[in-house]
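Shown here: upload31.cif, mmCIF, C-alpha atoms and all ligand atoms.
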```
data_input
loop_
_atom_site.label_atom_id
_atom_site.label_comp_id
_atom_site.auth_asym_id
_atom_site.auth_seq_id
_atom_site.Cartn_x
_atom_site.Cartn_y
_atom_site.Cartn_z
CA MET P 1 -11.22 -14.40 3.08
CA SER P 2 -13.35 -11.48 4.09
CA LEU P 3 -13.32 -8.25 6.00
CA LYS P 4 -12.74 -8.38 9.73
CA PRO P 5 -15.11 -5.68 10.92
CA ASN P 6 -15.29 -7.04 14.46
CA ALA P 7 -11.53 -7.00 15.02
CA LYS P 8 -9.90 -4.02 16.73
CA VAL P 9 -9.08 -1.05 14.50
CA VAL P 10 -5.31 -0.44 14.43
CA LEU P 11 -5.02 2.26 11.80
CA GLU P 12 -7.60 4.60 10.41
CA VAL P 13 -6.65 6.88 7.55
CA LYS P 14 -9.12 9.66 6.86
CA ASP P 15 -9.13 11.90 3.80
CA LEU P 16 -5.35 11.90 3.43
CA ARG P 17 -4.01 14.51 0.99
CA THR P 18 -0.36 14.79 -0.02
CA HIS P 19 0.77 17.27 -2.64
CA PHE P 20 4.12 18.10 -4.26
CA ARG P 21 5.06 21.55 -5.43
CA THR P 22 6.89 21.27 -8.76
CA ASP P 23 7.91 23.70 -11.51
CA ALA P 24 5.09 22.32 -13.66
CA GLY P 25 2.44 22.87 -10.95
CA ILE P 26 1.01 21.14 -7.90
CA VAL P 27 1.12 17.34 -8.10
CA LYS P 28 -1.86 15.98 -6.16
CA ALA P 29 -0.22 12.60 -5.59
CA VAL P 30 -2.70 11.56 -2.88
CA ASP P 31 -6.02 13.36 -2.85
CA GLY P 32 -8.54 12.18 -0.29
CA VAL P 33 -7.58 8.62 0.62
CA SER P 34 -9.44 6.87 3.48
CA PHE P 35 -9.28 3.31 4.79
CA THR P 36 -9.52 1.33 8.00
CA LEU P 37 -7.12 -1.44 8.96
CA HIS P 38 -8.09 -4.03 11.58
CA GLU P 39 -5.89 -6.22 13.74
CA GLY P 40 -4.61 -9.25 11.83
CA GLU P 41 -6.04 -7.97 8.55
CA THR P 42 -4.20 -7.67 5.25
CA LEU P 43 -5.22 -4.68 3.18
CA GLY P 44 -4.13 -4.45 -0.43
CA ILE P 45 -3.53 -1.14 -2.19
CA VAL P 46 -3.52 -1.74 -5.93
CA GLY P 47 -3.09 0.50 -8.94
CA GLU P 48 -0.89 1.29 -11.89
CA SER P 49 2.46 2.95 -11.43
CA GLY P 50 2.08 6.59 -10.39
CA SER P 51 -1.36 6.17 -8.79
CA GLY P 52 -0.14 7.31 -5.37
CA LYS P 53 0.39 4.03 -3.54
CA SER P 54 3.90 4.74 -2.25
CA VAL P 55 3.10 8.34 -1.40
CA THR P 56 0.15 7.08 0.71
CA ASN P 57 2.51 4.80 2.62
CA LEU P 58 5.28 7.39 2.98
CA SER P 59 2.77 9.96 4.23
CA ILE P 60 1.63 7.60 7.00
CA MET P 61 5.27 6.87 7.89
CA ARG P 62 5.97 10.62 7.81
CA LEU P 63 8.73 10.12 5.25
CA ILE P 64 7.57 12.53 2.53
CA PRO P 65 10.50 14.67 1.36
CA SER P 66 9.59 18.24 2.29
CA PRO P 67 10.02 20.32 0.23
CA PRO P 68 8.69 19.58 -2.36
CA GLY P 69 6.09 17.37 -0.66
CA LYS P 70 3.58 18.09 2.08
CA VAL P 71 0.72 16.30 3.75
CA VAL P 72 -1.88 19.03 3.27
CA GLY P 73 -4.82 17.33 4.91
CA GLY P 74 -6.31 14.34 6.63
CA GLU P 75 -5.63 12.16 9.62
CA ALA P 76 -3.88 8.85 10.29
CA LEU P 77 -5.13 7.52 13.61
CA PHE P 78 -2.89 4.84 15.10
CA GLU P 79 -4.21 3.51 18.39
CA GLY P 80 -6.48 6.52 18.36
CA VAL P 81 -3.65 9.10 18.04
CA ASP P 82 -3.21 11.15 14.86
CA ILE P 83 0.38 10.29 13.93
CA LEU P 84 0.44 13.07 11.34
CA GLN P 85 0.48 15.51 14.27
CA LEU P 86 3.30 13.89 16.29
CA SER P 87 6.74 15.46 16.65
CA GLU P 88 9.59 13.79 14.75
CA LYS P 89 10.89 12.46 18.08
CA GLN P 90 7.54 10.87 18.96
CA MET P 91 7.28 9.50 15.42
CA ARG P 92 10.65 7.77 15.74
CA GLU P 93 9.18 5.70 18.59
CA ILE P 94 6.52 4.41 16.23
CA ARG P 95 8.34 4.11 12.91
CA GLY P 96 10.21 0.82 12.55
CA ASN P 97 8.82 -0.20 15.90
CA LYS P 98 5.03 -0.21 16.06
CA ILE P 99 4.71 0.36 12.32
CA SER P 100 7.39 -1.39 10.25
CA MET P 101 8.13 -1.23 6.55
CA ILE P 102 9.63 -3.37 3.87
CA PHE P 103 10.44 -2.17 0.37
CA GLN P 104 10.97 -3.55 -3.11
CA ASP P 105 14.75 -3.50 -2.84
CA PRO P 106 15.99 -4.56 0.60
CA MET P 107 19.52 -3.48 -0.36
CA THR P 108 18.45 0.16 -0.04
CA SER P 109 17.43 -0.29 3.60
CA LEU P 110 20.26 -2.59 4.71
CA ASN P 111 23.72 -1.24 5.48
CA PRO P 112 26.12 -3.07 3.11
CA PHE P 113 29.06 -2.62 5.51
CA LEU P 114 27.49 -4.17 8.59
CA LYS P 115 26.81 -7.79 9.37
CA ILE P 116 23.13 -8.77 9.59
CA SER P 117 23.67 -9.62 13.28
CA THR P 118 24.81 -6.07 14.06
CA GLN P 119 21.92 -4.52 12.15
CA MET P 120 19.27 -6.71 13.74
CA VAL P 121 20.62 -6.29 17.27
CA GLU P 122 20.81 -2.51 16.82
CA THR P 123 17.27 -2.35 15.48
CA ILE P 124 15.88 -4.25 18.45
CA ARG P 125 17.92 -2.27 21.01
CA LEU P 126 17.00 1.04 19.42
CA HIS P 127 13.39 0.41 20.29
CA GLU P 128 13.79 -1.62 23.46
CA LYS P 129 16.62 -0.10 25.42
CA ASP P 130 16.61 -2.62 28.27
CA VAL P 131 17.22 -5.66 26.05
CA SER P 132 20.81 -6.97 26.35
CA LYS P 133 22.94 -7.63 23.27
CA GLU P 134 22.88 -11.37 23.94
CA GLU P 135 19.11 -11.37 24.30
CA ALA P 136 18.70 -9.31 21.09
CA LEU P 137 21.01 -11.67 19.18
CA LYS P 138 19.05 -14.66 20.42
CA ARG P 139 15.80 -13.09 19.34
CA SER P 140 17.29 -12.14 15.94
CA ILE P 141 18.36 -15.73 15.29
CA GLU P 142 14.87 -16.92 16.23
CA MET P 143 13.34 -14.44 13.80
CA LEU P 144 15.67 -15.57 10.98
CA LYS P 145 14.63 -19.16 11.66
CA LEU P 146 11.00 -18.13 11.62
CA VAL P 147 11.37 -16.53 8.16
CA GLY P 148 13.06 -19.67 6.84
CA ILE P 149 16.77 -18.76 6.73
CA PRO P 150 18.71 -22.04 6.92
CA SER P 151 21.61 -22.26 9.45
CA ALA P 152 20.44 -18.99 10.98
CA GLU P 153 23.11 -19.06 13.76
CA LYS P 154 25.84 -19.00 11.13
CA ARG P 155 24.14 -16.93 8.46
CA ILE P 156 23.42 -14.07 10.84
CA GLN P 157 27.15 -13.29 10.78
CA SER P 158 27.04 -12.62 6.99
CA TYR P 159 26.91 -9.29 5.15
CA PRO P 160 23.83 -8.32 3.06
CA HIS P 161 25.51 -9.01 -0.32
CA GLN P 162 26.12 -12.62 0.77
CA PHE P 163 22.38 -13.29 0.57
CA SER P 164 20.27 -13.79 -2.57
CA GLY P 165 17.49 -11.27 -3.30
CA GLY P 166 14.82 -13.54 -1.84
CA MET P 167 16.85 -14.29 1.30
CA ARG P 168 17.55 -10.56 1.77
CA GLN P 169 13.83 -9.88 1.64
CA ARG P 170 13.35 -12.57 4.32
CA VAL P 171 15.96 -10.81 6.46
CA MET P 172 14.06 -7.52 6.05
CA ILE P 173 10.81 -9.18 7.09
CA ALA P 174 12.56 -10.68 10.13
CA MET P 175 13.91 -7.24 11.07
CA ALA P 176 10.55 -5.59 10.55
CA LEU P 177 8.83 -8.13 12.78
CA SER P 178 11.53 -8.43 15.44
CA CYS P 179 10.06 -5.41 17.22
CA ASN P 180 6.57 -6.95 17.40
CA ALA P 181 5.17 -4.36 15.01
CA GLN P 182 1.41 -3.94 15.00
CA VAL P 183 1.40 -2.83 11.38
CA LEU P 184 3.67 -4.00 8.58
CA VAL P 185 3.70 -1.91 5.41
CA ALA P 186 5.06 -3.85 2.45
CA ASP P 187 5.59 -1.68 -0.63
CA GLU P 188 5.92 -3.95 -3.70
CA PRO P 189 7.95 -6.39 -1.56
CA THR P 190 8.32 -9.00 -4.28
CA THR P 191 8.46 -6.99 -7.49
CA ALA P 192 12.22 -7.47 -7.86
CA LEU P 193 12.07 -11.23 -7.22
CA ASP P 194 11.38 -14.12 -9.56
CA VAL P 195 7.94 -15.71 -9.53
CA THR P 196 8.62 -18.76 -7.33
CA ILE P 197 10.41 -16.70 -4.71
CA GLN P 198 7.63 -14.09 -4.89
CA ALA P 199 5.06 -16.69 -3.92
CA GLN P 200 7.22 -17.91 -1.02
CA ILE P 201 7.73 -14.41 0.37
CA LEU P 202 4.03 -13.57 0.12
CA GLU P 203 3.11 -16.78 1.88
CA LEU P 204 5.64 -15.99 4.56
CA ILE P 205 4.13 -12.55 5.17
CA ASN P 206 0.68 -14.12 5.26
CA ASN P 207 1.69 -16.82 7.77
CA LEU P 208 3.55 -14.43 10.04
CA SER P 209 0.73 -11.93 10.08
CA SER P 210 -1.83 -14.55 11.09
CA LYS P 211 0.54 -16.07 13.66
CA MET P 212 1.49 -12.74 15.24
CA GLY P 213 -1.72 -10.82 14.60
CA THR P 214 0.20 -8.17 12.65
CA ALA P 215 -1.95 -6.06 10.33
CA VAL P 216 -0.43 -5.72 6.87
CA ILE P 217 -0.73 -3.05 4.20
CA LEU P 218 0.37 -4.68 0.97
CA ILE P 219 1.11 -2.28 -1.86
CA THR P 220 1.24 -3.82 -5.31
CA HIS P 221 0.55 -3.08 -8.98
CA ASP P 222 -0.42 -6.74 -9.37
CA LEU P 223 -4.04 -7.61 -8.67
CA GLY P 224 -3.12 -11.30 -8.91
CA VAL P 225 -1.02 -10.95 -5.74
CA VAL P 226 -3.95 -9.40 -3.88
CA ALA P 227 -6.30 -12.30 -4.60
CA GLY P 228 -4.36 -14.81 -2.55
CA MET P 229 -3.25 -12.48 0.22
CA CYS P 230 -5.64 -9.73 1.15
CA ASP P 231 -8.83 -9.48 3.16
CA GLN P 232 -9.65 -6.06 1.81
CA VAL P 233 -8.61 -4.16 -1.32
CA CYS P 234 -8.36 -0.47 -2.19
CA VAL P 235 -8.03 0.23 -5.91
CA MET P 236 -6.20 3.52 -6.47
CA TYR P 237 -6.29 5.72 -9.53
CA ALA P 238 -4.76 9.18 -9.90
CA GLY P 239 -4.35 9.73 -6.16
CA ARG P 240 -7.78 8.50 -5.09
CA ILE P 241 -9.43 5.25 -4.10
CA VAL P 242 -11.89 4.44 -6.88
CA GLU P 243 -13.13 1.19 -5.36
CA LYS P 244 -12.82 -0.48 -1.97
CA ALA P 245 -14.20 -3.89 -0.97
CA GLY P 246 -13.55 -7.23 0.68
CA THR P 247 -11.36 -9.21 -1.74
CA ASP P 248 -13.94 -11.87 -2.59
CA ASP P 249 -16.57 -9.18 -3.10
CA LEU P 250 -14.26 -7.18 -5.36
CA TYR P 251 -13.65 -10.17 -7.62
CA ALA P 252 -17.30 -11.22 -7.60
CA ARG P 253 -18.66 -7.72 -8.20
CA PRO P 254 -16.00 -5.44 -9.69
CA SER P 255 -17.99 -2.23 -10.04
CA HIS P 256 -15.63 0.49 -11.26
CA PRO P 257 -14.76 0.15 -14.96
CA TYR P 258 -11.10 0.55 -13.97
CA THR P 259 -11.29 -2.40 -11.54
CA GLU P 260 -13.02 -4.47 -14.24
CA GLY P 261 -10.17 -3.66 -16.60
CA LEU P 262 -7.55 -4.55 -13.99
CA ILE P 263 -9.20 -7.88 -13.25
CA LYS P 264 -9.48 -8.72 -16.95
CA SER P 265 -5.79 -8.00 -17.40
CA VAL P 266 -4.64 -10.50 -14.74
CA PRO P 267 -3.42 -13.75 -16.37
CA ARG P 268 -5.53 -16.70 -15.21
CA MET P 269 -4.61 -20.33 -14.95
CA ASP P 270 -8.17 -21.62 -15.12
CA THR P 271 -9.22 -20.22 -18.49
CA LYS P 272 -7.84 -21.01 -21.89
CA GLN P 273 -5.98 -17.98 -23.07
CA LYS P 274 -4.03 -19.57 -25.87
CA GLY P 275 -4.07 -17.30 -28.87
CA ASN P 276 -6.14 -14.73 -26.97
CA ARG P 277 -4.14 -11.70 -26.11
CA LEU P 278 -4.49 -10.65 -22.51
CA PHE P 279 -6.79 -7.65 -22.08
CA SER P 280 -5.07 -4.40 -21.23
CA ILE P 281 -6.61 -1.04 -20.40
CA GLU P 282 -5.89 1.31 -23.26
CA GLY P 283 -4.36 4.72 -22.65
CA GLN P 284 -2.24 6.14 -19.89
CA PRO P 285 -3.09 7.30 -16.37
CA PRO P 286 -3.50 11.08 -16.25
CA ASN P 287 -0.93 13.53 -15.11
CA VAL P 288 -1.99 14.51 -11.60
CA ILE P 289 -0.95 18.13 -12.12
CA ASP P 290 -3.83 20.58 -12.49
CA LEU P 291 -6.46 17.91 -13.06
CA PRO P 292 -9.84 19.54 -13.73
CA PRO P 293 -12.79 18.36 -11.62
CA CYS P 294 -13.85 15.22 -13.47
CA CYS P 295 -13.52 11.48 -13.14
CA PRO P 296 -9.80 11.06 -13.90
CA PHE P 297 -10.52 7.71 -15.54
CA HIS P 298 -13.06 9.05 -18.10
CA PRO P 299 -10.65 9.35 -21.08
CA ARG P 300 -9.98 5.58 -20.81
CA CYS P 301 -13.50 4.50 -19.89
CA ASN P 302 -15.86 3.00 -22.45
CA LYS P 303 -18.86 3.82 -20.26
CA ALA P 304 -18.05 7.54 -19.81
CA MET P 305 -21.00 9.95 -19.86
CA ASP P 306 -21.13 13.75 -20.01
CA VAL P 307 -21.21 14.08 -16.24
CA CYS P 308 -17.95 12.07 -15.94
CA ARG P 309 -16.17 14.82 -17.85
CA SER P 310 -17.62 17.60 -15.67
CA ALA P 311 -17.47 16.56 -12.03
CA TYR P 312 -15.77 14.15 -9.65
CA PRO P 313 -18.03 11.14 -8.93
CA PRO P 314 -19.47 10.77 -5.43
CA VAL P 315 -18.64 7.68 -3.39
CA LYS P 316 -21.50 5.16 -3.42
CA ASP P 317 -21.85 2.47 -0.77
CA LEU P 318 -22.94 -0.76 -2.45
CA GLY P 319 -23.33 -2.56 0.91
CA SER P 320 -21.04 -4.74 3.08
CA GLY P 321 -18.26 -2.16 2.99
CA HIS P 322 -18.09 -2.15 -0.81
CA GLU P 323 -17.60 1.43 -2.02
CA VAL P 324 -17.20 2.79 -5.52
CA ALA P 325 -16.52 6.29 -6.83
CA CYS P 326 -18.19 6.20 -10.23
CA TRP P 327 -21.07 8.15 -11.82
CA LEU P 328 -22.63 4.90 -13.09
CA TYR P 329 -23.93 4.31 -9.56
CA ALA P 330 -25.19 7.81 -8.81
CA ASP P 331 -28.88 8.66 -9.08
CA GLU P 332 -30.23 10.78 -11.92
CA ALA P 333 -30.91 13.81 -9.72
CA ALA P 334 -27.27 13.91 -8.54
CA LYS P 335 -25.98 13.64 -12.11
CA LYS P 336 -28.31 16.42 -13.29
CA ALA P 337 -27.29 18.69 -10.41
CA ALA P 338 -23.57 18.11 -11.06
CA LEU P 339 -23.96 18.82 -14.77
CA ALA P 340 -25.94 22.00 -14.09
CA GLU P 341 -23.33 23.20 -11.61
CA ALA P 342 -20.51 22.55 -14.07
CA GLN P 343 -22.36 24.48 -16.78
CA THR P 344 -22.97 27.45 -14.49
CA LYS P 345 -19.27 27.50 -13.60
CA GLU P 346 -18.28 27.31 -17.25
CA LYS P 347 -20.53 30.30 -18.07
CA ALA P 348 -19.10 32.31 -15.20
CA GLU P 349 -15.54 31.79 -16.42
P1 LIG E 1 2.98 4.53 -7.10
O1 LIG E 1 1.52 4.24 -7.11
O2 LIG E 1 3.64 4.02 -8.34
O3 LIG E 1 3.67 4.10 -5.85
P2 LIG E 1 3.77 7.15 -6.22
O4 LIG E 1 3.01 7.19 -4.94
O5 LIG E 1 5.22 6.88 -6.11
O6 LIG E 1 3.09 6.13 -7.22
O7 LIG E 1 3.62 8.54 -6.97
C1 LIG E 1 2.38 9.22 -7.10
C2 LIG E 1 2.60 10.53 -7.83
O8 LIG E 1 3.39 11.40 -7.03
C3 LIG E 1 3.34 10.39 -9.16
O9 LIG E 1 2.73 11.24 -10.10
C4 LIG E 1 4.72 10.86 -8.83
O10 LIG E 1 5.34 11.42 -9.97
C5 LIG E 1 4.47 11.92 -7.76
N1 LIG E 1 5.64 12.08 -6.87
C6 LIG E 1 6.14 11.18 -6.01
N2 LIG E 1 7.23 11.66 -5.37
C7 LIG E 1 7.42 12.92 -5.86
C8 LIG E 1 8.37 13.95 -5.61
N3 LIG E 1 9.34 13.79 -4.72
N4 LIG E 1 8.26 15.12 -6.30
C9 LIG E 1 7.25 15.28 -7.20
N5 LIG E 1 6.33 14.36 -7.48
C10 LIG E 1 6.39 13.18 -6.82
MG MG E 2 5.37 2.86 -5.63
#
```
Translate this file's structure into structure tokens.
Ligand code: ADP
Ligand code: MG
Amino acid sequence: MSLKPNAKVVLEVKDLRTHFRTDAGIVKAVDGVSFTLHEGETLGIVGESGSGKSVTNLSIMRLIPSPPGKVVGGEALFEGVDILQLSEKQMREIRGNKISMIFQDPMTSLNPFLKISTQMVETIRLHEKDVSKEEALKRSIEMLKLVGIPSAEKRIQSYPHQFSGGMRQRVMIAMALSCNAQVLVADEPTTALDVTIQAQILELINNLSSKMGTAVILITHDLGVVAGMCDQVCVMYAGRIVEKAGTDDLYARPSHPYTEGLIKSVPRMDTKQKGNRLFSIEGQPPNVIDLPPCCPFHPRCNKAMDVCRSAYPPVKDLGSGHEVACWLYADEAAKKAALAEAQTKEKAE
């Protein structure tokens, strides 16, 4: 698997910034996130809990609770239009239609009191007003078959609680794709499921996206999931992307010490790990309130230098779309200049 730079761009996120105003201060949950998603591509967003993955997704979907949250900067170009600037009415045409979402717990997005048939038919007819009920029901049954629900004609008349967790997630995927979405955002879609079912659901998303050309943003804390699924990976830490690369490239050349740590902490089948404890990155991610200008990973990094404590690292392009934000890759002059600037500021204060 590799990047698909020649495919059409469907979504381009540029310097996205989303902050929350809290009693303790301003939470910079997302602080300068950029990525490009191509047709038929699966992009993974990986990072520990609290790194800003869900806020990135909710910002693009325009679902940030305001107050306390606000998208304070950036663009999200979908088919060339900045969806962050659309009215709520215009956004409703896109959300759940051209850009669909699935979440960790499908129960929260399904209505427990309505049959699956009613919910699927309504979803389709909400976005395509000229489709008849019969036609929408037919299409819904086809979608359930496509996602592997046995006896779909009968099962469509069930209520959400009559499905297992894995089957409910299949229903959600069917609903998300029944509107021919161009982008599917899956936020930890399998975290609540057991391992075998997880693998089945991920394979299903993979197959459907290649069959229908749907671009997928897959949000996960599990780098192991990314390896089998994604063309491209963004590694997030404290609201920023610290490394971005084609999946194969990321595994072959992990360049940020945080990425290296994440990769080392994924259990592997092909190496003997008996008796060896799995590596884990020591320490906790920082609080994203009032972070000083520095590499937010430096307190946990065994390669940290003075400059890492004084200034945010510039983004370095390592070639073939592989980018890393780490001082290890900056040239000496840039490091010296950043240190000097930090010292001047310190004196002035
Ligand atoms: P994750 O990577 O686990 O999905 P999130 O995107 O959910 O992380 O959260 C990123 C940061 O934003 C966290 O520090 C979280 O506490 C903060 N955050 C998210 N939602 C809110 C909110 N409604 N109010 C204040 N802070 C929030
Ligand atoms: Mg999340």
Q. Hey, can you check how far atom CA of P:Val121 sits from atom CA of P:Pro160?
A.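 Between atom CA of P:Val121 and atom CA of P:Pro160 the gap works out to 14.7 Å.
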Q: Would you mind listing the residues within 8 Å of ligand LIG 1 (chain E), counting all atoms listed in the file, as JSON, numbers by chain?
A: {"P": [19, 20, 21, 22, 27, 28, 29, 30, 46, 47, 48, 49, 50, 51, 52, 53, 54, 55, 56, 57, 64, 65, 68, 69, 219, 221, 236, 238, 239, 287, 288]}
**Q.** Expected answer as an MDAnalysis selection string: all residues with atoms within 12 Å of (-12.5, -11.8, -3.0), all atoms listed in the file
**A.** chainID P and resid 1:3 43:44 223:233 244:254 263 322
**Q.** Closest of P:Met167, P:Ile281, P:Ile173, P:Ala199 to P:Val266 - atom-to-atom distances counting only C-alpha atoms
**A.**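 Selected residue with least distance to P:Val266: P:Ile281.
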Q: Considering all atoms listed in the file, state which residue in the set P:Met101, P:Leu177, P:Val324, P:Cys301 is at the smallest distance from P:Met212.
A: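 Among the listed residues, P:Leu177 lies closest to P:Met212.
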Q) Can you tell me how far atom CA of P:Gly25 sits from atom CA of P:Arg240, in Å to one decimal? A) 18.6 Å
Can you give me N, CA, C and O atoms for stretch 91-108 of chain P, written as a short mmCIF file (atom, residue, chain, number, x, y, z; two decimals), in the frame of the given file?
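Written file, rebuild31.cif:
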```cif
data_model
loop_
_atom_site.label_atom_id
_atom_site.label_comp_id
_atom_site.auth_asym_id
_atom_site.auth_seq_id
_atom_site.Cartn_x
_atom_site.Cartn_y
_atom_site.Cartn_z
N MET P 91 7.48 10.36 16.59
CA MET P 91 7.28 9.50 15.42
C MET P 91 8.34 8.41 15.36
O MET P 91 8.07 7.29 14.94
N ARG P 92 9.56 8.76 15.79
CA ARG P 92 10.65 7.77 15.74
C ARG P 92 10.37 6.57 16.66
O ARG P 92 10.86 5.48 16.43
N GLU P 93 9.58 6.79 17.69
CA GLU P 93 9.18 5.70 18.59
C GLU P 93 8.24 4.71 17.89
O GLU P 93 8.16 3.55 18.26
N ILE P 94 7.52 5.24 16.92
CA ILE P 94 6.52 4.41 16.23
C ILE P 94 7.09 3.78 14.97
O ILE P 94 6.91 2.59 14.72
N ARG P 95 7.83 4.58 14.20
CA ARG P 95 8.34 4.11 12.91
C ARG P 95 9.40 3.03 13.11
O ARG P 95 10.33 3.21 13.89
N GLY P 96 9.23 1.91 12.43
CA GLY P 96 10.21 0.82 12.55
C GLY P 96 10.02 0.03 13.84
O GLY P 96 10.74 -0.91 14.11
N ASN P 97 9.06 0.44 14.62
CA ASN P 97 8.82 -0.20 15.90
C ASN P 97 7.38 -0.73 15.94
O ASN P 97 7.15 -1.92 15.78
N LYS P 98 6.44 0.22 16.08
CA LYS P 98 5.03 -0.21 16.06
C LYS P 98 4.52 -0.36 14.64
O LYS P 98 3.63 -1.14 14.36
N ILE P 99 5.05 0.49 13.74
CA ILE P 99 4.71 0.36 12.32
C ILE P 99 6.02 0.13 11.57
O ILE P 99 6.92 0.97 11.62
N SER P 100 6.16 -1.05 10.96
CA SER P 100 7.39 -1.39 10.25
C SER P 100 7.16 -1.39 8.75
O SER P 100 6.03 -1.52 8.30
N MET P 101 8.27 -1.28 8.01
CA MET P 101 8.13 -1.23 6.55
C MET P 101 9.10 -2.17 5.88
O MET P 101 10.23 -2.33 6.35
N ILE P 102 8.67 -2.72 4.76
CA ILE P 102 9.63 -3.37 3.87
C ILE P 102 9.40 -2.87 2.45
O ILE P 102 8.28 -2.56 2.07
N PHE P 103 10.51 -2.77 1.71
CA PHE P 103 10.44 -2.17 0.37
C PHE P 103 10.81 -3.19 -0.70
O PHE P 103 11.29 -4.29 -0.42
N GLN P 104 10.65 -2.72 -1.94
CA GLN P 104 10.97 -3.55 -3.11
C GLN P 104 12.41 -4.04 -3.07
O GLN P 104 12.69 -5.20 -3.27
N ASP P 105 13.35 -3.12 -2.81
CA ASP P 105 14.75 -3.50 -2.84
C ASP P 105 15.35 -3.42 -1.46
O ASP P 105 15.68 -2.34 -0.98
N PRO P 106 15.49 -4.57 -0.78
CA PRO P 106 15.99 -4.56 0.60
C PRO P 106 17.40 -3.98 0.70
O PRO P 106 17.79 -3.49 1.76
N MET P 107 18.15 -4.00 -0.39
CA MET P 107 19.52 -3.48 -0.36
C MET P 107 19.53 -2.00 0.05
O MET P 107 20.46 -1.54 0.70
N THR P 108 18.46 -1.27 -0.35
CA THR P 108 18.45 0.16 -0.04
C THR P 108 18.22 0.41 1.45
O THR P 108 18.56 1.47 1.96
#
```
